[in-house]
Each structure stands twice: as structure tokens, then as C-alpha cells.
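Just input_6.txt here, compact mmCIF, C-alpha atoms:
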# COMPACT_ATOMS: atom_id res chain seq x y z
CA MET A 1 53.03 13.59 5.79
CA ARG A 2 50.24 11.34 4.59
CA GLY A 3 50.28 7.82 5.89
CA GLU A 4 52.61 8.75 8.70
CA CYS A 5 52.24 6.52 11.74
CA VAL A 6 52.07 8.16 15.13
CA LEU A 7 53.44 6.21 18.04
CA SER A 8 51.21 6.27 21.08
CA ASP A 9 52.36 6.13 24.72
CA SER A 10 52.13 2.36 24.77
CA GLY A 11 54.53 2.15 21.84
CA GLN A 12 52.03 0.61 19.42
CA GLU A 13 51.38 2.11 16.03
CA ALA A 14 48.13 4.06 15.80
CA PRO A 15 47.34 4.71 12.11
CA ARG A 16 45.29 7.86 12.26
CA ASN A 17 44.57 8.06 8.53
CA THR A 18 42.86 4.66 8.19
CA TRP A 19 40.63 5.31 11.18
CA PHE A 20 39.46 8.55 9.62
CA LEU A 21 38.78 6.86 6.27
CA GLY A 22 36.82 4.08 7.96
CA TRP A 23 34.67 6.59 9.82
CA LYS A 24 34.06 8.57 6.63
CA ALA A 25 33.04 5.45 4.70
CA SER A 26 30.70 4.31 7.45
CA ARG A 27 29.14 7.76 7.59
CA MET A 28 28.57 7.68 3.82
CA PHE A 29 27.07 4.21 4.12
CA LEU A 30 24.76 5.41 6.88
CA ILE A 31 23.56 8.32 4.73
CA LYS A 32 22.96 6.09 1.70
CA GLY A 33 21.28 3.46 3.84
CA SER A 34 19.03 6.11 5.37
CA VAL A 35 18.00 7.43 1.96
CA ALA A 36 17.31 3.94 0.59
CA GLY A 37 15.53 2.86 3.76
CA GLY A 38 13.42 6.01 3.72
CA ALA A 39 12.39 5.36 0.14
CA VAL A 40 11.44 1.76 0.95
CA TYR A 41 9.48 2.87 4.02
CA LEU A 42 7.68 5.54 2.00
CA VAL A 43 6.60 2.93 -0.56
CA TYR A 44 5.47 0.59 2.25
CA ASP A 45 3.61 3.34 4.11
CA GLN A 46 1.73 4.57 1.04
CA GLU A 47 0.98 0.97 -0.03
CA LEU A 48 2.13 1.70 -3.56
CA LEU A 49 3.00 -1.95 -4.20
CA GLY A 50 -0.16 -3.26 -2.59
CA PRO A 51 -3.65 -3.96 -3.96
CA SER A 52 -4.78 -2.25 -7.12
CA ASP A 53 -7.47 -0.13 -5.47
CA LYS A 54 -4.88 1.40 -3.09
CA SER A 55 -2.63 2.21 -6.07
CA GLN A 56 -5.53 3.78 -7.92
CA ALA A 57 -6.36 5.91 -4.87
CA ALA A 58 -2.71 6.97 -4.57
CA LEU A 59 -2.61 7.97 -8.24
CA GLN A 60 -5.82 9.94 -7.88
CA LYS A 61 -4.46 11.68 -4.79
CA ALA A 62 -1.25 12.54 -6.63
CA GLY A 63 -3.26 13.97 -9.52
CA GLU A 64 -5.06 16.25 -7.08
CA VAL A 65 -2.01 17.33 -5.09
CA VAL A 66 0.79 17.73 -7.66
CA PRO A 67 -0.60 20.47 -9.99
CA PRO A 68 -1.36 22.97 -7.18
CA ALA A 69 2.04 22.22 -5.63
CA MET A 70 3.77 22.82 -8.96
CA TYR A 71 1.86 26.06 -9.38
CA GLN A 72 2.81 27.26 -5.88
CA PHE A 73 6.45 26.33 -6.51
CA SER A 74 6.45 28.28 -9.77
CA GLN A 75 4.92 31.26 -7.99
CA TYR A 76 7.61 31.02 -5.28
CA VAL A 77 10.36 30.89 -7.92
CA CYS A 78 8.82 33.93 -9.63
CA GLN A 79 8.78 35.85 -6.38
CA GLN A 80 12.34 34.95 -5.43
CA THR A 81 14.03 35.39 -8.80
CA GLY A 82 11.73 37.81 -10.55
CA LEU A 83 11.46 35.53 -13.58
CA GLN A 84 8.08 35.23 -15.20
CA ILE A 85 7.36 31.63 -16.02
CA PRO A 86 4.98 31.55 -19.00
CA GLN A 87 1.68 29.87 -18.34
CA LEU A 88 1.18 26.83 -20.49
CA PRO A 89 -2.17 26.73 -22.30
CA ALA A 90 -4.68 24.18 -21.12
CA PRO A 91 -4.40 20.88 -22.99
CA PRO A 92 -7.10 20.40 -25.62
CA LYS A 93 -9.83 18.02 -24.63
CA ILE A 94 -9.95 15.37 -27.30
CA TYR A 95 -12.97 13.15 -27.39
CA PHE A 96 -12.30 10.11 -29.51
CA PRO A 97 -14.39 7.07 -28.63
CA ILE A 98 -11.97 4.29 -29.47
CA ARG A 99 -14.42 1.56 -28.52
CA ASP A 100 -17.18 2.89 -30.81
CA SER A 101 -14.75 3.38 -33.69
CA TRP A 102 -13.32 -0.10 -33.23
CA ASN A 103 -16.77 -1.70 -33.06
CA ALA A 104 -17.94 0.20 -36.12
CA GLY A 105 -14.83 -0.85 -38.01
CA ILE A 106 -15.28 -4.50 -37.08
CA MET A 107 -18.93 -4.45 -38.12
CA THR A 108 -18.07 -2.79 -41.44
CA VAL A 109 -15.37 -5.33 -42.21
CA MET A 110 -17.54 -8.30 -41.28
CA SER A 111 -20.52 -7.06 -43.29
CA ALA A 112 -18.25 -6.49 -46.30
CA LEU A 113 -16.86 -10.02 -45.96
CA SER A 114 -20.36 -11.49 -45.70
CA VAL A 115 -21.58 -9.84 -48.92
CA ALA A 116 -18.27 -10.31 -50.77
CA PRO A 117 -19.18 -13.63 -52.55
CA SER A 118 -22.57 -12.38 -53.81
CA LYS A 119 -21.09 -9.05 -54.86
CA ALA A 120 -18.21 -10.75 -56.66
CA ARG A 121 -20.70 -12.98 -58.49
CA GLU A 122 -22.83 -10.00 -59.44
CA TYR A 123 -19.88 -7.93 -60.70
CA SER A 124 -18.43 -10.78 -62.66
CA LYS A 125 -21.84 -11.39 -64.26
CA GLU A 126 -22.13 -7.73 -65.22
CA GLY A 127 -18.60 -7.75 -66.57
CA TRP A 128 -19.33 -10.82 -68.68
CA GLU A 129 -22.51 -9.24 -70.09
CA TYR A 130 -20.49 -6.10 -70.94
CA VAL A 131 -17.83 -8.10 -72.75
CA LYS A 132 -20.46 -10.07 -74.67
CA ALA A 133 -22.17 -6.84 -75.75
CA ARG A 134 -18.87 -5.38 -76.90
CA ILE A 135 -17.98 -8.48 -78.93
CA LYS A 136 -21.28 -8.51 -80.84
CA MET B 1 -19.58 -8.99 -16.08
CA SER B 2 -21.22 -5.80 -17.34
CA GLU B 3 -19.57 -3.30 -19.66
CA SER B 4 -19.28 -0.63 -16.97
CA GLU B 5 -17.73 -3.05 -14.50
CA LEU B 6 -15.30 -4.22 -17.17
CA GLY B 7 -14.37 -0.63 -17.94
CA ARG B 8 -13.80 0.08 -14.25
CA LYS B 9 -11.54 -2.96 -13.99
CA TRP B 10 -9.51 -1.86 -16.97
CA ASP B 11 -9.16 1.65 -15.51
CA ARG B 12 -8.02 0.18 -12.22
CA CYS B 13 -5.54 -2.08 -14.00
CA LEU B 14 -4.01 0.76 -15.97
CA ALA B 15 -3.72 3.03 -12.92
CA ASP B 16 -2.19 0.17 -10.94
CA ALA B 17 0.31 -0.54 -13.73
CA VAL B 18 1.36 3.11 -13.91
CA VAL B 19 1.85 3.34 -10.14
CA LYS B 20 3.71 0.06 -9.79
CA ILE B 21 6.03 0.59 -12.75
CA GLY B 22 6.77 4.12 -11.58
CA THR B 23 7.42 2.96 -8.02
CA GLY B 24 9.72 0.17 -9.21
CA PHE B 25 11.55 2.60 -11.46
CA GLY B 26 11.91 5.11 -8.62
CA LEU B 27 13.22 2.51 -6.18
CA GLY B 28 15.59 1.32 -8.91
CA ILE B 29 16.93 4.85 -9.28
CA VAL B 30 17.44 5.19 -5.52
CA PHE B 31 19.28 1.90 -5.19
CA SER B 32 21.29 2.50 -8.35
CA LEU B 33 22.52 5.84 -7.05
CA THR B 34 23.19 4.67 -3.49
CA PHE B 35 24.58 1.16 -3.67
CA PHE B 36 25.13 0.05 -7.26
CA LYS B 37 27.33 2.79 -8.70
CA ARG B 38 24.80 4.19 -11.18
CA ARG B 39 24.29 0.98 -13.06
CA MET B 40 21.22 0.47 -15.24
CA TRP B 41 20.14 -2.96 -14.07
CA PRO B 42 18.40 -1.85 -10.84
CA LEU B 43 16.12 0.37 -12.91
CA ALA B 44 15.26 -2.46 -15.28
CA PHE B 45 14.81 -4.86 -12.37
CA GLY B 46 12.51 -2.50 -10.47
CA SER B 47 10.43 -1.65 -13.54
CA GLY B 48 10.11 -5.32 -14.42
CA MET B 49 9.02 -6.21 -10.90
CA GLY B 50 6.42 -3.46 -10.93
CA LEU B 51 5.11 -4.61 -14.30
CA GLY B 52 4.89 -8.19 -13.11
CA MET B 53 3.05 -7.22 -9.93
CA ALA B 54 0.60 -5.10 -11.89
CA TYR B 55 -0.01 -7.94 -14.36
CA SER B 56 -0.62 -10.37 -11.52
CA ASN B 57 -3.10 -8.00 -9.86
CA CYS B 58 -4.95 -7.46 -13.13
CA GLN B 59 -5.11 -11.17 -13.82
CA HIS B 60 -6.53 -11.85 -10.38
CA ASP B 61 -8.99 -8.99 -10.74
CA PHE B 62 -10.36 -10.25 -14.04
CA GLN B 63 -10.50 -13.89 -12.96
CA ALA B 64 -12.06 -13.16 -9.58
CA PRO B 65 -15.75 -13.62 -10.60
CA TYR B 66 -15.00 -17.05 -12.05
CA LEU B 67 -12.94 -18.44 -9.20
CA LEU B 68 -14.80 -20.83 -6.93
CA HIS B 69 -13.91 -20.72 -3.26
CA GLY B 70 -14.54 -23.96 -1.47
CA LYS B 71 -13.71 -25.33 1.92
CA TYR B 72 -13.15 -28.76 3.31
CA VAL B 73 -15.90 -30.15 5.50
CA LYS B 74 -14.93 -32.99 7.76
CA ASP B 75 -17.23 -35.96 7.92
CA GLN B 76 -18.78 -36.03 11.36
CA GLU B 77 -18.83 -39.54 12.77
CA GLN B 78 -22.24 -40.37 14.16
The structure in this file should be written as C-alpha cells.
Amino acid sequence: MRGECVLSDSGQEAPRNTWFLGWKASRMFLIKGSVAGGAVYLVYDQELLGPSDKSQAALQKAGEVVPPAMYQFSQYVCQQTGLQIPQLPAPPKIYFPIRDSWNAGIMTVMSALSVAPSKAREYSKEGWEYVKARIK
Amino acid sequence: MSESELGRKWDRCLADAVVKIGTGFGLGIVFSLTFFKRRMWPLAFGSGMGLGMAYSNCQHDFQAPYLLHGKYVKDQEQ
């Protein structure tokens, strides 16, 4: 029966069930602690939370390593399962110079603002001349 | 600071931000799954820490040319 106490030779109660649960919980804690500690050590070893140049180098290294690894993994899955994973087309290379567009936009807006008073005066003068000609 | 150097600094800042936020998020996932019963706050905490560290690095990187480094010189008694 569960929770049954077994008397040892000395006559004291030896709860077998709680000892087993304690060992199981400690084993689970050890596994979780190992996983968390391994993750923290990996971050420390790769200096991911360090200076910015180390992080940039790590990102560049990941960009070089991950696509071939993904390709090899997909090839392995194809060989093992027989499934044909469709090849994704290459992403289109879009060249859009944001800085040039922004600078051109700023210059256009500022030049329009600078000539706005003189243009407004000119248009209002023309409009007044038109109205005067129509009235005559 | 020249345009090219400024561009390089911005690139470094963005790469650093991506790495640090991702690392913080990843560590948050690990700790959330192992110790904190799949709660959401470790993820937010880790991502926020990574963002803050990246911001601090970027700020120091951009202010570095304008920071003056001095040292104390003791008066030598003659």
C-alpha cells in the first residue's frame, strides 16, 4: 500500500516513499540546474553579453555557420525520411538607400519652405490681377 | 567623426542589440522552463536586461571620442 511504513530492525519507522520522492526531486533539480548552468556558461564563454565588437563577431560567425548547418540537417532529414523539402528561392536583393532618400526629402521640404513666402506673394498677386481683369 | 565611422558604429550597435536581446530572451526561456514554472516575466526581464546593456554599450561607443581621460598628478615637494 502507498504510504505504508516499514519497521526496521531497530524498531524505528523508515518511510520508504518520502525518501524516494526526495531523491527524485533532487535529481530533477540537478538536471534543471545543469541545463541552466550550462546555458549561463555558454553565454559567458562566447562573451555574448560582453563588449559590442565581440557580439558583432559572434553574430557574424553565426551567420556563416547556421545556413550550412540548416542545409545539412535538411539533407539528413531527406535521406532518413525520404521527404523532399522544397528549396526556398533566394531572397530578392533590395537596394533602397534610406539615407539618400531621407536627405533628398529633407532638402526638398526645406527648399519649399524657403520659397513659400515669395511664391505665396506671387500667386496671390496673379490671382488679384485675374480677379481685377474679370471684374472689368 | 566621419560618415563611414559613424555608419560602422551604428552597424556595431544594431548587431550588439540583436545579440544581447536574443541572449537575454534565450536565458529567460531557459530559466522560465527550469525554475519559474513557465512564467512570462523571466523572458521580459532577460530581454529588458539585454536591451539595457546594448543601449549602454552604444551610448559609450558614441560618446567615446568626446570623453576626456585625465589622471591625478601629485605635487612633488622640492
Discussion item. Using all atoms listed in the file and a cut-off of 12 Å, which residues of chain B sit close to chain A? Please list them as an NGL selection string.
Written reply: :B and (3 or 7-37 or 46-47 or 49-62)
Give me the box for stretch 19-31 of chain B as JSON, namely the centre and edge lengths in Å to one decimal of a box along x, y and z that holds every listed atom plus 8 Å on each side.
{"center_x": 10.6, "center_y": 2.6, "center_z": -9.0, "size_x": 33.4, "size_y": 21.1, "size_z": 23.6}
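Pairwise distance (atom CA of A:Ser101, atom CA of A:Ser114) equals 19.9 Å.
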Worksheet item: For the atom pair atom CA of A:Leu83 and atom CA of A:Pro67, what is the interatomic distance in Å to one decimal place?
Response: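 Interatomic distance here is 19.6 Å.
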Practice prompt. Provide the atom CA of B:Ser4 to atom CA of A:Asn103 distance in Å, to one decimal place.
Written response: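 Result for atom CA of B:Ser4 versus atom CA of A:Asn103: 16.3 Å, one decimal.
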Produce stretch 16-47 of chain B of the given structure as output with N, CA, C and O atoms, as a compact mmCIF listing (two decimals), in the first residue's frame.
# COMPACT_ATOMS: atom_id res chain seq x y z
N ASP B 16 25.02 44.40 -31.88
CA ASP B 16 25.12 44.18 -30.44
C ASP B 16 23.75 44.08 -29.81
O ASP B 16 23.50 43.22 -28.95
N ALA B 17 22.83 44.94 -30.24
CA ALA B 17 21.46 44.92 -29.68
C ALA B 17 20.77 43.60 -30.01
O ALA B 17 20.12 43.00 -29.15
N VAL B 18 20.92 43.15 -31.25
CA VAL B 18 20.28 41.89 -31.65
C VAL B 18 20.82 40.74 -30.81
O VAL B 18 20.06 39.91 -30.27
N VAL B 19 22.14 40.69 -30.64
CA VAL B 19 22.75 39.57 -29.90
C VAL B 19 22.35 39.62 -28.43
O VAL B 19 21.97 38.61 -27.84
N LYS B 20 22.39 40.79 -27.84
CA LYS B 20 22.11 40.88 -26.40
C LYS B 20 20.64 40.63 -26.11
O LYS B 20 20.32 39.94 -25.13
N ILE B 21 19.74 41.18 -26.92
CA ILE B 21 18.32 40.92 -26.68
C ILE B 21 18.02 39.44 -26.89
O ILE B 21 17.28 38.81 -26.09
N GLY B 22 18.58 38.86 -27.92
CA GLY B 22 18.36 37.43 -28.16
C GLY B 22 18.93 36.57 -27.05
O GLY B 22 18.29 35.59 -26.61
N THR B 23 20.12 36.92 -26.56
CA THR B 23 20.71 36.15 -25.45
C THR B 23 19.87 36.27 -24.19
O THR B 23 19.61 35.27 -23.51
N GLY B 24 19.44 37.49 -23.87
CA GLY B 24 18.59 37.68 -22.70
C GLY B 24 17.28 36.92 -22.83
O GLY B 24 16.80 36.31 -21.87
N PHE B 25 16.71 36.95 -24.01
CA PHE B 25 15.46 36.22 -24.25
C PHE B 25 15.69 34.71 -24.09
O PHE B 25 14.87 34.01 -23.47
N GLY B 26 16.80 34.22 -24.66
CA GLY B 26 17.10 32.79 -24.55
C GLY B 26 17.33 32.36 -23.11
O GLY B 26 16.80 31.33 -22.66
N LEU B 27 18.10 33.14 -22.36
CA LEU B 27 18.31 32.81 -20.95
C LEU B 27 17.00 32.89 -20.18
O LEU B 27 16.75 32.07 -19.28
N GLY B 28 16.15 33.85 -20.56
CA GLY B 28 14.84 33.94 -19.90
C GLY B 28 14.00 32.70 -20.16
O GLY B 28 13.31 32.19 -19.26
N ILE B 29 14.07 32.19 -21.38
CA ILE B 29 13.33 30.96 -21.70
C ILE B 29 13.85 29.79 -20.86
O ILE B 29 13.07 29.01 -20.29
N VAL B 30 15.17 29.67 -20.78
CA VAL B 30 15.77 28.56 -20.02
C VAL B 30 15.35 28.62 -18.56
O VAL B 30 14.89 27.62 -17.98
N PHE B 31 15.48 29.80 -17.95
CA PHE B 31 15.13 29.90 -16.53
C PHE B 31 13.62 29.79 -16.30
O PHE B 31 13.19 29.29 -15.26
N SER B 32 12.83 30.25 -17.27
CA SER B 32 11.39 30.12 -17.12
C SER B 32 10.97 28.66 -17.15
O SER B 32 10.09 28.24 -16.39
N LEU B 33 11.59 27.89 -18.02
CA LEU B 33 11.23 26.48 -18.13
C LEU B 33 11.77 25.66 -16.97
O LEU B 33 11.16 24.65 -16.58
N THR B 34 12.93 26.03 -16.43
CA THR B 34 13.56 25.19 -15.41
C THR B 34 13.11 25.53 -13.99
O THR B 34 12.80 24.64 -13.21
N PHE B 35 13.08 26.81 -13.66
CA PHE B 35 12.85 27.17 -12.26
C PHE B 35 11.55 27.93 -12.01
O PHE B 35 11.08 27.93 -10.88
N PHE B 36 11.02 28.60 -13.00
CA PHE B 36 9.92 29.53 -12.72
C PHE B 36 8.60 29.11 -13.34
O PHE B 36 7.76 29.95 -13.62
N LYS B 37 8.43 27.84 -13.56
CA LYS B 37 7.13 27.25 -13.92
C LYS B 37 6.48 27.93 -15.13
O LYS B 37 5.28 28.20 -15.14
N ARG B 38 7.31 28.19 -16.14
CA ARG B 38 6.80 28.69 -17.43
C ARG B 38 6.08 30.02 -17.30
O ARG B 38 5.10 30.27 -17.99
N ARG B 39 6.61 30.85 -16.42
CA ARG B 39 6.05 32.20 -16.33
C ARG B 39 6.66 33.07 -17.42
O ARG B 39 7.68 32.73 -18.02
N MET B 40 6.04 34.24 -17.65
CA MET B 40 6.49 35.12 -18.72
C MET B 40 7.52 36.14 -18.24
O MET B 40 8.27 36.70 -19.05
N TRP B 41 7.56 36.41 -16.96
CA TRP B 41 8.40 37.51 -16.50
C TRP B 41 9.90 37.27 -16.69
O TRP B 41 10.63 38.25 -16.94
N PRO B 42 10.41 36.03 -16.62
CA PRO B 42 11.85 35.89 -16.91
C PRO B 42 12.22 36.28 -18.33
O PRO B 42 13.30 36.82 -18.57
N LEU B 43 11.31 36.03 -19.27
CA LEU B 43 11.59 36.41 -20.66
C LEU B 43 11.66 37.93 -20.78
O LEU B 43 12.57 38.48 -21.40
N ALA B 44 10.67 38.60 -20.18
CA ALA B 44 10.67 40.06 -20.24
C ALA B 44 11.88 40.65 -19.51
O ALA B 44 12.50 41.60 -19.99
N PHE B 45 12.22 40.05 -18.38
CA PHE B 45 13.37 40.52 -17.61
C PHE B 45 14.66 40.36 -18.40
O PHE B 45 15.49 41.28 -18.48
N GLY B 46 14.85 39.18 -18.99
CA GLY B 46 16.07 38.94 -19.77
C GLY B 46 16.16 39.83 -20.99
O GLY B 46 17.22 40.40 -21.29
N SER B 47 15.05 40.00 -21.70
CA SER B 47 15.06 40.86 -22.89
C SER B 47 15.35 42.31 -22.49
O SER B 47 16.12 43.00 -23.16
